[in-house]
Structure formats: structure tokens, C-alpha cells
$ cat run.tsv   # TSV, C-alpha atoms
chain	number	residue	atom	x	y	z
A	135	TYR	CA	130.21	17.41	-51.01
A	136	GLY	CA	132.37	20.54	-50.97
A	137	ALA	CA	131.50	24.03	-52.06
A	138	PRO	CA	129.00	24.62	-54.88
A	139	TYR	CA	130.70	23.93	-58.22
A	140	ALA	CA	128.16	25.53	-60.54
A	141	LEU	CA	126.25	28.63	-59.53
A	142	THR	CA	125.29	32.04	-60.87
A	143	ALA	CA	126.38	35.39	-59.47
A	144	SER	CA	122.88	35.92	-58.08
A	145	ASP	CA	123.09	32.54	-56.32
A	146	ALA	CA	126.40	33.52	-54.73
A	147	LEU	CA	125.04	36.85	-53.48
A	148	ARG	CA	122.36	35.02	-51.51
A	149	PHE	CA	124.86	33.42	-49.12
A	150	ALA	CA	128.24	35.10	-49.70
A	151	ASP	CA	128.06	37.38	-46.62
A	152	LEU	CA	127.20	34.57	-44.23
A	153	TRP	CA	129.78	32.33	-45.93
A	154	VAL	CA	132.50	34.86	-45.04
A	155	VAL	CA	131.29	35.20	-41.44
A	156	ILE	CA	131.23	31.45	-40.86
A	157	LEU	CA	134.64	31.03	-42.51
A	158	GLN	CA	136.12	33.67	-40.20
A	159	ASP	CA	134.63	31.87	-37.18
A	160	ILE	CA	136.12	28.55	-38.33
A	161	ASN	CA	139.55	30.07	-38.98
A	162	ARG	CA	139.63	31.61	-35.51
A	163	SER	CA	139.16	28.21	-33.93
A	164	GLY	CA	141.67	26.20	-35.94
A	165	PRO	CA	144.13	26.07	-38.84
A	166	LYS	CA	143.22	27.78	-42.10
A	167	GLY	CA	142.89	25.89	-45.36
A	168	TRP	CA	140.85	25.39	-48.50
A	169	MET	CA	138.71	22.67	-46.93
A	170	GLN	CA	137.41	25.16	-44.37
A	171	ASP	CA	136.15	27.27	-47.28
A	172	MET	CA	134.05	24.35	-48.49
A	173	TYR	CA	132.62	23.50	-45.08
A	174	ALA	CA	131.76	27.15	-44.45
A	175	ALA	CA	129.83	27.31	-47.73
A	176	ILE	CA	127.74	24.26	-46.85
A	177	LEU	CA	126.99	25.62	-43.37
A	178	ALA	CA	125.93	28.98	-44.79
A	179	LEU	CA	123.59	27.35	-47.30
A	180	LYS	CA	122.10	25.16	-44.59
A	181	ARG	CA	121.47	28.05	-42.20
A	182	LEU	CA	119.77	30.07	-44.94
A	183	GLU	CA	117.76	27.00	-45.98
A	184	ILE	CA	118.95	27.29	-49.55
A	185	VAL	CA	118.35	24.03	-51.36
A	186	ILE	CA	121.29	22.55	-53.26
A	187	ASP	CA	120.74	20.37	-56.31
A	188	VAL	CA	123.20	17.51	-55.83
A	189	ARG	CA	124.19	15.82	-59.09
A	190	LYS	CA	126.73	13.06	-59.55
A	191	THR	CA	127.70	14.40	-62.94
A	192	MET	CA	131.12	15.94	-62.34
A	193	LEU	CA	134.11	14.85	-64.37
A	194	ALA	CA	137.43	14.82	-62.55
A	195	ARG	CA	139.19	11.48	-62.35
A	196	THR	CA	140.21	9.51	-65.40
A	197	ASP	CA	141.17	6.32	-63.57
A	198	VAL	CA	137.80	5.48	-62.01
A	199	ILE	CA	134.64	4.36	-63.76
A	200	ASN	CA	132.34	7.36	-63.84
A	201	LEU	CA	128.89	7.23	-65.37
A	202	SER	CA	129.28	10.85	-66.51
A	203	TRP	CA	131.88	9.81	-69.08
A	204	MET	CA	129.08	8.01	-70.90
A	205	HIS	CA	127.60	11.41	-71.83
A	206	VAL	CA	130.75	13.22	-72.96
A	207	ARG	CA	131.29	14.34	-76.55
A	208	TRP	CA	134.47	15.44	-78.28
A	209	ASP	CA	132.65	18.30	-80.01
A	210	PHE	CA	131.78	19.93	-76.67
A	211	GLU	CA	133.19	23.47	-76.54
A	212	PRO	CA	133.42	24.76	-72.94
A	213	ILE	CA	133.58	28.43	-73.98
A	214	SER	CA	130.23	28.23	-75.81
A	215	GLY	CA	128.34	27.31	-72.66
A	216	GLN	CA	126.79	24.25	-74.26
A	217	ILE	CA	126.41	21.67	-71.50
A	218	PRO	CA	126.99	18.17	-72.91
A	219	GLY	CA	124.18	15.83	-71.96
A	220	ASP	CA	124.18	15.09	-68.25
A	221	VAL	CA	127.66	16.49	-67.55
A	222	TRP	CA	127.67	19.71	-65.57
A	223	VAL	CA	131.22	20.29	-64.37
A	224	ALA	CA	134.69	19.34	-65.58
A	225	HIS	CA	136.66	19.74	-62.36
A	226	TYR	CA	140.37	19.65	-63.22
A	227	CYS	CA	141.59	18.64	-59.75
A	228	GLN	CA	143.86	15.75	-60.70
A	229	THR	CA	147.09	15.33	-62.66
A	230	TYR	CA	146.42	14.56	-66.32
A	231	LYS	CA	148.91	12.93	-68.67
A	232	VAL	CA	149.19	12.19	-72.38
A	233	GLY	CA	152.45	10.81	-73.74
A	234	ASN	CA	155.17	12.23	-71.51
A	235	PHE	CA	153.28	15.49	-70.94
A	236	SER	CA	151.55	15.94	-67.60
A	237	TRP	CA	149.76	18.91	-66.10
A	238	SER	CA	148.20	19.80	-62.76
A	239	LYS	CA	146.69	23.09	-61.66
A	240	HIS	CA	148.49	22.64	-58.34
A	241	ASN	CA	151.80	23.35	-60.10
A	242	HIS	CA	150.75	26.90	-60.97
A	243	LYS	CA	149.65	28.48	-57.71
A	244	ALA	CA	152.06	31.39	-58.22
A	245	LEU	CA	150.49	32.35	-61.56
A	246	ASP	CA	148.99	35.85	-61.26
A	247	ILE	CA	147.67	37.22	-64.55
A	248	ARG	CA	147.35	40.71	-63.03
A	249	LYS	CA	151.13	41.03	-63.23
A	250	CYS	CA	150.84	40.98	-67.03
A	251	ASP	CA	153.86	38.69	-67.30
A	252	ARG	CA	153.36	36.79	-70.58
A	253	SER	CA	155.93	34.22	-69.53
A	254	MET	CA	153.40	33.09	-66.94
A	255	ASN	CA	150.88	30.82	-68.59
A	256	MET	CA	149.95	27.17	-68.71
A	257	PRO	CA	152.41	24.99	-70.66
A	258	LEU	CA	151.01	23.13	-73.64
A	259	PRO	CA	152.17	19.79	-75.08
A	260	VAL	CA	154.72	20.08	-77.90
A	261	GLY	CA	156.61	17.68	-80.17
A	262	LEU	CA	155.78	14.00	-79.69
A	263	ASP	CA	153.49	14.85	-76.78
A	264	ALA	CA	151.43	17.11	-79.05
A	265	VAL	CA	151.26	14.26	-81.57
A	266	ALA	CA	150.07	11.86	-78.84
A	267	MET	CA	147.43	14.42	-77.87
A	268	GLU	CA	146.28	14.76	-81.48
A	269	ASN	CA	146.16	10.98	-81.97
A	270	ALA	CA	143.97	10.57	-78.89
A	271	GLU	CA	141.44	13.22	-79.89
A	272	GLY	CA	138.21	11.89	-81.31
A	273	LYS	CA	138.74	8.33	-80.18
A	274	PRO	CA	136.08	6.47	-78.14
A	275	PHE	CA	136.32	6.85	-74.38
A	276	PHE	CA	135.63	3.17	-73.88
A	277	VAL	CA	137.09	0.15	-75.62
A	278	ARG	CA	135.72	-3.34	-75.87
A	279	LYS	CA	138.11	-6.17	-75.12
A	280	LYS	CA	137.79	-9.91	-75.06
A	281	ALA	CA	136.83	-11.06	-71.61
A	282	GLU	CA	139.66	-12.76	-69.82
A	283	ALA	CA	139.18	-16.50	-69.50
A	284	LEU	CA	139.97	-17.78	-66.03
A	285	THR	CA	140.30	-21.52	-65.53
A	286	VAL	CA	140.13	-22.86	-62.00
A	287	ALA	CA	140.17	-26.33	-60.51
A	288	GLY	CA	136.87	-27.87	-59.50
A	289	LYS	CA	135.88	-27.49	-55.88
A	290	HIS	CA	136.33	-31.16	-55.07
A	291	GLY	CA	139.22	-31.78	-57.46
A	292	GLY	CA	137.04	-33.05	-60.25
A	293	GLY	CA	137.30	-31.31	-63.63
A	294	LYS	CA	137.85	-27.61	-64.30
A	295	LEU	CA	135.54	-24.62	-64.58
A	296	THR	CA	136.16	-21.81	-67.09
A	297	MET	CA	134.73	-18.40	-66.19
A	298	LEU	CA	134.70	-15.00	-67.89
A	299	ARG	CA	136.16	-12.32	-65.68
A	300	LYS	CA	134.97	-8.68	-65.79
A	301	SER	CA	132.54	-9.52	-68.55
A	302	THR	CA	129.60	-7.22	-69.32
A	303	GLY	CA	128.39	-9.48	-72.11
A	304	GLU	CA	128.97	-12.97	-73.29
A	305	ASP	CA	132.50	-12.53	-74.54
A	306	SER	CA	133.56	-8.91	-74.15
A	307	THR	CA	134.07	-6.26	-71.51
A	308	ARG	CA	134.10	-2.47	-71.73
A	309	GLU	CA	137.04	-0.63	-70.25
A	310	MET	CA	137.95	3.03	-70.11
A	311	ASP	CA	140.75	4.24	-72.36
A	312	THR	CA	142.53	6.36	-69.77
A	313	GLU	CA	144.82	8.15	-72.24
A	314	VAL	CA	141.81	9.27	-74.27
A	315	LEU	CA	140.06	10.51	-71.12
A	316	ASN	CA	143.20	12.39	-70.11
A	317	ALA	CA	143.39	13.93	-73.57
A	318	TRP	CA	139.78	15.11	-73.24
A	319	MET	CA	140.44	16.71	-69.84
A	320	LEU	CA	143.57	18.43	-71.13
A	321	GLY	CA	141.87	19.59	-74.31
A	322	LYS	CA	138.75	20.88	-72.59
A	323	THR	CA	140.38	22.49	-69.55
A	324	LEU	CA	144.09	23.24	-70.04
A	325	ILE	CA	143.90	24.59	-73.59
A	326	PRO	CA	140.87	26.91	-73.00
A	327	ILE	CA	142.52	28.20	-69.80
A	328	SER	CA	145.75	28.95	-71.67
A	329	GLU	CA	143.83	30.69	-74.46
A	330	ALA	CA	141.79	32.72	-71.94
A	331	ILE	CA	144.99	33.90	-70.21
A	332	GLU	CA	146.45	34.98	-73.55
A	333	ALA	CA	143.23	36.84	-74.35
A	334	TYR	CA	143.45	38.62	-71.00
A	335	TYR	CA	147.04	39.68	-71.71
A	336	ASP	CA	146.03	40.95	-75.16
A	337	GLU	CA	143.16	43.04	-73.78
A	338	PHE	CA	144.52	44.34	-70.50
A	339	CYS	CA	148.30	44.16	-70.79
A	340	ALA	CA	148.92	45.84	-74.14
A	341	GLN	CA	151.83	48.28	-74.03
$ encode --input "run.tsv" --output "C-alpha cells"
Amino acid sequence: YGAPYALTASDALRFADLWVVILQDINRSGPKGWMQDMYAAILALKRLEIVIDVRKTMLARTDVINLSWMHVRWDFEPISGQIPGDVWVAHYCQTYKVGNFSWSKHNHKALDIRKCDRSMNMPLPVGLDAVAMENAEGKPFFVRKKAEALTVAGKHGGGKLTMLRKSTGEDSTREMDTEVLNAWMLGKTLIPISEAIEAYYDEFCAQ
């Protein structure tokens, strides 16, 4: 399942020392990498018999049906600490796109806020991309569409059979609006991160 995604500082202190020891052992026996960090965390928790609460309530992908999206609200503010319904983590691990604007955290590995370089921050959508972002905000995450009628020949050549494909009801199907989901991920992860970096610069990098 990977490393714990939501934990308190006191939780981390319970297994951090053993986590480091196991990670060092793993790195001595093979190539280093971020996946080893995750495996080491799970092994440390297991050895210390610390119980993990596994929840399938993490938001990450916007192209795969995820039950967690059913509980998301546009008025959720990540900075306030208000957890929306059954959603616990918005894990921005993919590439998100609205209009022609796309963003991925993997494109900013060199960003080091300790250098106090204000030119280093997350880019935000501007122009038509900002308009596309604004137009997507507040819209439903799911849309209902007419079920697609599929006509096929009868099994023995007699007559035809009409079926409804991907139908969740009698004549409609619910599909995710991927651009709206992408707009939510950008709005609730990218923008707060950018604002937090600017706040850090204001507080710690003032000349």
C-alpha cells in the first residue's frame, strides 16, 4: 500500500527510528529509490505491531472511477483541516490538465524554498487556461448521458436485439467529467501549495 499517507507527528515518532534502520539495510543490499522508503515503512510498522487503518479513500487519478469522488465537495478548503466526508487524502501523484495547462509535481524536483528564490514556485494557469479553470469550478463531477444503443444481429440470424450499453438506469449512464476532476485537483493542491510557498518567502525570506 506504500508508506502511511496521513499520520500525526506522534505516530511518526513511534516507528521513525526503526524505519531509518530498515531503509539503510535495504539500501545496502540493492539500488536506492523512493519505493524502498515505502517498503521500509511498512516493515517497521509490522515489526513494531503498529496497526494501520487502511482506507480506500485517497484521491489521485482523474481517469479511473473512484468511489471517493462521490464524497468530494467544491467548498472543501484543504488549509482549514476540514476533511470532506469519507475523503482522507488528495495525493497529487499524477499529471493534471485543464485547457492547455498541465502540471505535475515531478517537474519541480529542483525546487528548494530554503534558497529564498522567489522565481522558484509552482506555475499557475493564466489567460485562456485560467478561464477554463474558472469555468470548470463548481460543476458536477459526474454527468448523466443517454445510454448508447447497441443493435446486434440475432444469434441465429433472426431479428435484431437492441441493448443499452454502460447503463446504470433505464436510459442513462453516469460518467466522470475528467476536466472538472482535474480542475478540482489543481485547485485543491497546486494553488494552496503555491500560496504556501509565497507565504514562506514572505515570512522567512524578507530582505
$ residues_near_point --input "run.tsv" --point "(149.8, 15.8, -70.3)" --cutoff "7 Å" --atoms "all atoms listed in the file" --output "PyMOL selection string"
chain A and resi 230-237+259+320
$ closest_residue --input "run.tsv" --among "A:Met256, A:Val198, A:Met267, A:Ile156" --to "A:Leu179" --atoms "all atoms listed in the file"
A:Ile156
$ residues_around --input "run.tsv" --residues "A:Trp208" --least-positions-apart "4" --cutoff "10 Å" --atoms "all atoms listed in the file" --output "list in words"
Pro218, Glu271, Gly272, Lys273, Pro274, Phe275, Trp318, Gly321 and Lys322 of chain A
$ atom_distance --input "run.tsv" --atom1 "atom CA of A:His242" --atom2 "atom CA of A:Ile327"
12.1 Å
$ closest_residue --input "run.tsv" --among "A:Met192, A:Leu315, A:Ile325, A:Leu152" --to "A:Lys180" --atoms "only C-alpha atoms"
A:Leu152
$ residues_around --input "run.tsv" --residues "A:Ala244" --least-positions-apart "5" --cutoff "12 Å" --atoms "only C-alpha atoms" --output "number ranges by chain"
A: 239, 249, 251, 254-256
$ atom_distance --input "run.tsv" --atom1 "atom CA of A:Glu313" --atom2 "atom CA of A:Phe276"
10.6 Å
$ atom_distance --input "run.tsv" --atom1 "atom CA of A:Leu193" --atom2 "atom CA of A:Cys227"
9.6 Å
$ closest_residue --input "run.tsv" --among "A:Met319, A:Tyr335, A:Gln158, A:Val260" --to "A:Asp246" --atoms "all atoms listed in the file"
A:Tyr335
$ closest_residue --input "run.tsv" --among "A:Arg148, A:Pro257, A:Glu332, A:Pro326" --to "A:Arg181" --atoms "only C-alpha atoms"
A:Arg148
$ decode --input "run.tsv" --residues "stretch 149-184 of chain A" --atoms "N, CA and C atoms" --output "PDB file, in the first residue's frame"
ATOM      1  N   PHE A 149       7.721   4.939  15.050  1.00  0.00           N
ATOM      2  CA  PHE A 149       8.429   3.978  14.197  1.00  0.00           C
ATOM      3  C   PHE A 149       9.532   4.590  13.348  1.00  0.00           C
ATOM      4  N   ALA A 150       9.784   5.897  13.497  1.00  0.00           N
ATOM      5  CA  ALA A 150      10.755   6.581  12.634  1.00  0.00           C
ATOM      6  C   ALA A 150      12.159   5.985  12.750  1.00  0.00           C
ATOM      7  N   ASP A 151      12.616   5.697  13.976  1.00  0.00           N
ATOM      8  CA  ASP A 151      13.979   5.183  14.161  1.00  0.00           C
ATOM      9  C   ASP A 151      14.161   3.838  13.462  1.00  0.00           C
ATOM     10  N   LEU A 152      13.210   2.932  13.658  1.00  0.00           N
ATOM     11  CA  LEU A 152      13.314   1.623  13.023  1.00  0.00           C
ATOM     12  C   LEU A 152      13.141   1.755  11.511  1.00  0.00           C
ATOM     13  N   TRP A 153      12.321   2.669  11.069  1.00  0.00           N
ATOM     14  CA  TRP A 153      12.134   2.935   9.637  1.00  0.00           C
ATOM     15  C   TRP A 153      13.476   3.253   8.978  1.00  0.00           C
ATOM     16  N   VAL A 154      14.255   4.133   9.640  1.00  0.00           N
ATOM     17  CA  VAL A 154      15.566   4.522   9.103  1.00  0.00           C
ATOM     18  C   VAL A 154      16.517   3.325   9.067  1.00  0.00           C
ATOM     19  N   VAL A 155      16.525   2.538  10.129  1.00  0.00           N
ATOM     20  CA  VAL A 155      17.419   1.382  10.197  1.00  0.00           C
ATOM     21  C   VAL A 155      17.110   0.381   9.087  1.00  0.00           C
ATOM     22  N   ILE A 156      15.839   0.073   8.910  1.00  0.00           N
ATOM     23  CA  ILE A 156      15.443  -0.887   7.876  1.00  0.00           C
ATOM     24  C   ILE A 156      15.758  -0.331   6.491  1.00  0.00           C
ATOM     25  N   LEU A 157      15.520   0.964   6.284  1.00  0.00           N
ATOM     26  CA  LEU A 157      15.816   1.574   4.989  1.00  0.00           C
ATOM     27  C   LEU A 157      17.311   1.480   4.680  1.00  0.00           C
ATOM     28  N   GLN A 158      18.140   1.714   5.676  1.00  0.00           N
ATOM     29  CA  GLN A 158      19.592   1.609   5.463  1.00  0.00           C
ATOM     30  C   GLN A 158      19.978   0.180   5.098  1.00  0.00           C
ATOM     31  N   ASP A 159      19.353  -0.796   5.754  1.00  0.00           N
ATOM     32  CA  ASP A 159      19.633  -2.204   5.440  1.00  0.00           C
ATOM     33  C   ASP A 159      19.245  -2.524   4.001  1.00  0.00           C
ATOM     34  N   ILE A 160      18.066  -2.032   3.578  1.00  0.00           N
ATOM     35  CA  ILE A 160      17.598  -2.286   2.214  1.00  0.00           C
ATOM     36  C   ILE A 160      18.534  -1.633   1.197  1.00  0.00           C
ATOM     37  N   ASN A 161      18.939  -0.404   1.455  1.00  0.00           N
ATOM     38  CA  ASN A 161      19.796   0.319   0.511  1.00  0.00           C
ATOM     39  C   ASN A 161      21.181  -0.313   0.386  1.00  0.00           C
ATOM     40  N   ARG A 162      21.632  -0.974   1.439  1.00  0.00           N
ATOM     41  CA  ARG A 162      22.939  -1.637   1.360  1.00  0.00           C
ATOM     42  C   ARG A 162      22.895  -2.876   0.478  1.00  0.00           C
ATOM     43  N   SER A 163      21.710  -3.420   0.312  1.00  0.00           N
ATOM     44  CA  SER A 163      21.594  -4.678  -0.435  1.00  0.00           C
ATOM     45  C   SER A 163      21.115  -4.490  -1.870  1.00  0.00           C
ATOM     46  N   GLY A 164      20.824  -3.261  -2.272  1.00  0.00           N
ATOM     47  CA  GLY A 164      20.330  -3.053  -3.620  1.00  0.00           C
ATOM     48  C   GLY A 164      20.274  -1.588  -3.974  1.00  0.00           C
ATOM     49  N   PRO A 165      19.730  -1.265  -5.125  1.00  0.00           N
ATOM     50  CA  PRO A 165      19.653   0.142  -5.569  1.00  0.00           C
ATOM     51  C   PRO A 165      18.723   0.957  -4.689  1.00  0.00           C
ATOM     52  N   LYS A 166      19.050   2.246  -4.536  1.00  0.00           N
ATOM     53  CA  LYS A 166      18.234   3.144  -3.729  1.00  0.00           C
ATOM     54  C   LYS A 166      17.088   3.708  -4.567  1.00  0.00           C
ATOM     55  N   GLY A 167      16.025   4.100  -3.894  1.00  0.00           N
ATOM     56  CA  GLY A 167      14.891   4.679  -4.611  1.00  0.00           C
ATOM     57  C   GLY A 167      13.738   4.946  -3.666  1.00  0.00           C
ATOM     58  N   TRP A 168      12.753   5.703  -4.161  1.00  0.00           N
ATOM     59  CA  TRP A 168      11.638   6.083  -3.288  1.00  0.00           C
ATOM     60  C   TRP A 168      10.762   4.909  -2.907  1.00  0.00           C
ATOM     61  N   MET A 169      10.737   3.854  -3.710  1.00  0.00           N
ATOM     62  CA  MET A 169       9.903   2.706  -3.364  1.00  0.00           C
ATOM     63  C   MET A 169      10.460   1.974  -2.150  1.00  0.00           C
ATOM     64  N   GLN A 170      11.784   1.969  -1.998  1.00  0.00           N
ATOM     65  CA  GLN A 170      12.389   1.355  -0.826  1.00  0.00           C
ATOM     66  C   GLN A 170      11.947   2.068   0.451  1.00  0.00           C
ATOM     67  N   ASP A 171      11.755   3.388   0.367  1.00  0.00           N
ATOM     68  CA  ASP A 171      11.273   4.138   1.528  1.00  0.00           C
ATOM     69  C   ASP A 171       9.918   3.616   1.978  1.00  0.00           C
ATOM     70  N   MET A 172       9.049   3.336   1.007  1.00  0.00           N
ATOM     71  CA  MET A 172       7.705   2.858   1.339  1.00  0.00           C
ATOM     72  C   MET A 172       7.749   1.464   1.957  1.00  0.00           C
ATOM     73  N   TYR A 173       8.521   0.569   1.332  1.00  0.00           N
ATOM     74  CA  TYR A 173       8.605  -0.790   1.860  1.00  0.00           C
ATOM     75  C   TYR A 173       9.196  -0.798   3.263  1.00  0.00           C
ATOM     76  N   ALA A 174      10.193   0.041   3.497  1.00  0.00           N
ATOM     77  CA  ALA A 174      10.824   0.101   4.818  1.00  0.00           C
ATOM     78  C   ALA A 174       9.823   0.559   5.875  1.00  0.00           C
ATOM     79  N   ALA A 175       8.952   1.502   5.516  1.00  0.00           N
ATOM     80  CA  ALA A 175       7.951   1.979   6.466  1.00  0.00           C
ATOM     81  C   ALA A 175       6.994   0.861   6.858  1.00  0.00           C
ATOM     82  N   ILE A 176       6.527   0.101   5.873  1.00  0.00           N
ATOM     83  CA  ILE A 176       5.599  -0.998   6.160  1.00  0.00           C
ATOM     84  C   ILE A 176       6.261  -2.053   7.029  1.00  0.00           C
ATOM     85  N   LEU A 177       7.514  -2.388   6.744  1.00  0.00           N
ATOM     86  CA  LEU A 177       8.237  -3.385   7.543  1.00  0.00           C
ATOM     87  C   LEU A 177       8.421  -2.909   8.984  1.00  0.00           C
ATOM     88  N   ALA A 178       8.726  -1.638   9.157  1.00  0.00           N
ATOM     89  CA  ALA A 178       8.906  -1.097  10.509  1.00  0.00           C
ATOM     90  C   ALA A 178       7.599  -1.164  11.293  1.00  0.00           C
ATOM     91  N   LEU A 179       6.507  -0.784  10.672  1.00  0.00           N
ATOM     92  CA  LEU A 179       5.208  -0.838  11.335  1.00  0.00           C
ATOM     93  C   LEU A 179       4.835  -2.268  11.707  1.00  0.00           C
ATOM     94  N   LYS A 180       5.145  -3.202  10.814  1.00  0.00           N
ATOM     95  CA  LYS A 180       4.823  -4.604  11.070  1.00  0.00           C
ATOM     96  C   LYS A 180       5.628  -5.148  12.244  1.00  0.00           C
ATOM     97  N   ARG A 181       6.918  -4.853  12.263  1.00  0.00           N
ATOM     98  CA  ARG A 181       7.777  -5.356  13.340  1.00  0.00           C
ATOM     99  C   ARG A 181       7.365  -4.805  14.698  1.00  0.00           C
ATOM    100  N   LEU A 182       6.914  -3.552  14.724  1.00  0.00           N
ATOM    101  CA  LEU A 182       6.501  -2.929  15.982  1.00  0.00           C
ATOM    102  C   LEU A 182       5.050  -3.225  16.316  1.00  0.00           C
ATOM    103  N   GLU A 183       4.386  -3.994  15.441  1.00  0.00           N
ATOM    104  CA  GLU A 183       2.984  -4.379  15.629  1.00  0.00           C
ATOM    105  C   GLU A 183       2.080  -3.159  15.771  1.00  0.00           C
ATOM    106  N   ILE A 184       2.376  -2.151  14.979  1.00  0.00           N
ATOM    107  CA  ILE A 184       1.525  -0.960  14.939  1.00  0.00           C
ATOM    108  C   ILE A 184       0.455  -1.178  13.878  1.00  0.00           C
TER     109      ILE A 184
END
